[in-house]
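Report on the following structure.
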Amino acid sequence: MHATATPSATALLEPLLQQSQQLFFVFHLETHCLTYVSPASEGLLGQPADDFLGGDDAAAAALAAVVARVHPDDQTYAARCFRHLLRSGYLEGVELRLQRGPDRAPQWLTVSVARAEYGPGQTYLSGSVLDQTVLREHLDNTDRFNKKKNATLEILAHDLAGPFAMMQQLTDFVTDKVEPLHDPKLEELLQVMKTTCQDSITLIHDFVDNEFMESSNVVLRRERVDLVPGMREMLEEYQRAEASLGRQFHFEPLQPTICLDLDNNKFMQVMNNLLSNALKFTPPGSRITIRLEEAGPDVLIRVADNGVGIPAALLPRLYERFTPARRPGLRGERTTGLGMSIIKTIVELHHGRISCQSTEGQGTTFTIRLPRPLVVEEEETEQG
């Protein structure tokens, strides 16, 4: 019997390369020419594979045209990723946007590349490009809805619980005034009013707390996110409610674009919870500020208020579950003592840190420090 020759790996992969909607390519680094491009390029880039092959001026122009379409906000990041690739030999899951015209949303691509060297002048970059636009638009819409929902819930909780807390205080006042009457029926009615107010406040905050806790228990779905537009959109929800909330909300990004790899929905839950705490412990007319800035290899997010502050004795146990540092808000808002623990957990899952500076009677500032993508940190370390 004659042994059957085993097909090469290249031959076995050929059907996948030819039929997949994922684009595969091989780039010769020394000549800056593409030596292979799979047929998916026509659907993904709008140009057939042959336009990029041949090593002539037309092929170079076709490739340059695609590179020129990289979104302006992503060009520096793309250059950093390329330098990282040349140093490390591998990149996986890099998200980049391609512009598709003034009236169309950008195209989201996920790129993975590996470097292989076969001798002098024989360095190749082989990789894949996956179009994630439909998925990303769906996720963006979901995150946008969640951000708006969470901000709305916090605002509604504040607006709904406030009147109940005030009614509860008025009931206490009336109870003291009618005590000399010794009217059991009247005392019973006042107690019903007081209990109803407290139960209503508890129900409102239990609902908001449950929404936050359910969100915190989900596994992180990390992606590259520009924090500036996301934070601005969230703050706009609070700014539109400034008149009813009685506080001023300010947003201070120190750079126009600040990108991080994080779970956007979970992190916005953290920000909403910090804003909710600021609302509880600032009197009407106070100022609440979110400040964003890049600081070396990290991004700093500060939530500052000029409210009542936190007693120094409570600060060391602020992040414990069911912390003894929990206090009712200025209008009687109840707290479970879980919020800060959940915030710390989510921040640490992002490999970050949270700290608090507070002075009684002067206000509180929470600072979250999150690491930027590795390619950024490596490049700045190398330049330093």
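Ordered as shown in the structure tokens, chains take letters A, B, and onward, while each chain numbers its residues from 1 and ligands are numbered from 1 in the order shown.
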Closest contacts (segment 214-329 of chain A/segment 76-82 of chain A, max 12 Å, only C-alpha atoms) as a tab-separated table:
```
residue	atom	partner	partner_atom	distance
A:Arg224	CA	A:Tyr77	CA	10.8
A:Asp226	CA	A:Tyr77	CA	11.8
A:Thr257	CA	A:Tyr77	CA	11.0
A:Ile258	CA	A:Tyr77	CA	11.0
A:Cys259	CA	A:Tyr77	CA	9.2
A:Leu260	CA	A:Tyr77	CA	11.1
```
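One distance worth recording is that between atom CA of Asp261 of chain A and atom CA of Leu349 of chain A, which is 11.7 Å.
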Strand (DSSP E) per DSSP on the backbone: members of segment 15-90 of chain A, as an MDAnalysis selection string: chainID A and resid 23:28 33:37 90
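The gap separating atom CA of Met271 of chain A from atom CA of Leu220 of chain A is 15.9 Å, in Å to one decimal.
Using only C-alpha atoms, the smallest distance between any of A:Lys185, A:Arg69, A:Arg232, A:Arg317 and Pro102 of chain A comes from A:Arg69.
Using only C-alpha atoms, the shortest contact distance between Thr359 of chain A and any of A:Ser128, A:Ala313, A:Tyr36, A:Arg372 is found at A:Ala313.
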Atom CA of Arg287 of chain A to atom CA of Gly363 of chain A, distance in Å rounded to a single decimal: 9.8 Å
Set the distance at 10 Å and use only C-alpha atoms: which residues neighbour Leu34 of chain A once local chain neighbours fewer than 4 positions away are removed? I'd like the list as a PDB file with N, CA and C atoms, in the first residue's frame.
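What follows is the written file part27.pdb:
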```
ATOM      1  N   PHE A  25      -3.669  38.612   6.031  1.00  0.00           N
ATOM      2  CA  PHE A  25      -2.659  39.259   5.191  1.00  0.00           C
ATOM      3  C   PHE A  25      -1.265  38.860   5.624  1.00  0.00           C
ATOM      4  N   VAL A  26      -0.302  39.034   4.711  1.00  0.00           N
ATOM      5  CA  VAL A  26       1.118  38.872   5.006  1.00  0.00           C
ATOM      6  C   VAL A  26       1.828  40.082   4.422  1.00  0.00           C
ATOM      7  N   PHE A  27       2.640  40.732   5.256  1.00  0.00           N
ATOM      8  CA  PHE A  27       3.324  41.967   4.866  1.00  0.00           C
ATOM      9  C   PHE A  27       4.831  41.757   4.984  1.00  0.00           C
ATOM     10  N   HIS A  28       5.580  42.060   3.899  1.00  0.00           N
ATOM     11  CA  HIS A  28       7.036  41.958   3.915  1.00  0.00           C
ATOM     12  C   HIS A  28       7.602  43.273   4.430  1.00  0.00           C
ATOM     13  N   LEU A  29       8.222  43.222   5.605  1.00  0.00           N
ATOM     14  CA  LEU A  29       8.585  44.442   6.308  1.00  0.00           C
ATOM     15  C   LEU A  29       9.661  45.237   5.576  1.00  0.00           C
ATOM     16  N   ALA A  49      -8.486  41.986  -3.383  1.00  0.00           N
ATOM     17  CA  ALA A  49      -7.153  41.660  -2.894  1.00  0.00           C
ATOM     18  C   ALA A  49      -6.062  42.023  -3.896  1.00  0.00           C
ATOM     19  N   PHE A  52      -3.891  45.243  -3.791  1.00  0.00           N
ATOM     20  CA  PHE A  52      -2.827  45.427  -2.810  1.00  0.00           C
ATOM     21  C   PHE A  52      -1.569  44.613  -3.120  1.00  0.00           C
ATOM     22  N   LEU A  53      -1.634  43.796  -4.157  1.00  0.00           N
ATOM     23  CA  LEU A  53      -0.537  42.886  -4.462  1.00  0.00           C
ATOM     24  C   LEU A  53       0.233  43.324  -5.697  1.00  0.00           C
ATOM     25  N   GLY A  54       1.440  42.838  -5.830  1.00  0.00           N
ATOM     26  CA  GLY A  54       2.244  43.121  -7.019  1.00  0.00           C
ATOM     27  C   GLY A  54       3.493  43.926  -6.725  1.00  0.00           C
ATOM     28  N   GLY A  55       3.520  44.617  -5.598  1.00  0.00           N
ATOM     29  CA  GLY A  55       4.713  45.367  -5.235  1.00  0.00           C
ATOM     30  C   GLY A  55       4.974  46.597  -6.073  1.00  0.00           C
ATOM     31  N   ALA A  59      -0.114  49.236  -5.987  1.00  0.00           N
ATOM     32  CA  ALA A  59      -0.351  48.476  -4.759  1.00  0.00           C
ATOM     33  C   ALA A  59       0.027  49.291  -3.530  1.00  0.00           C
ATOM     34  N   ALA A  60       1.153  50.002  -3.625  1.00  0.00           N
ATOM     35  CA  ALA A  60       1.582  50.843  -2.512  1.00  0.00           C
ATOM     36  C   ALA A  60       0.575  51.953  -2.248  1.00  0.00           C
ATOM     37  N   LEU A  63      -2.522  50.537  -0.425  1.00  0.00           N
ATOM     38  CA  LEU A  63      -2.263  50.324   0.994  1.00  0.00           C
ATOM     39  C   LEU A  63      -2.194  51.656   1.745  1.00  0.00           C
ATOM     40  N   TYR A 124       8.537  39.109   8.128  1.00  0.00           N
ATOM     41  CA  TYR A 124       7.152  39.153   7.686  1.00  0.00           C
ATOM     42  C   TYR A 124       6.218  39.408   8.875  1.00  0.00           C
ATOM     43  N   LEU A 125       5.174  40.157   8.580  1.00  0.00           N
ATOM     44  CA  LEU A 125       4.098  40.370   9.543  1.00  0.00           C
ATOM     45  C   LEU A 125       2.853  39.694   8.994  1.00  0.00           C
ATOM     46  N   SER A 126       2.376  38.687   9.692  1.00  0.00           N
ATOM     47  CA  SER A 126       1.150  38.003   9.274  1.00  0.00           C
ATOM     48  C   SER A 126       0.056  38.315  10.271  1.00  0.00           C
TER      49      SER A 126
END
```
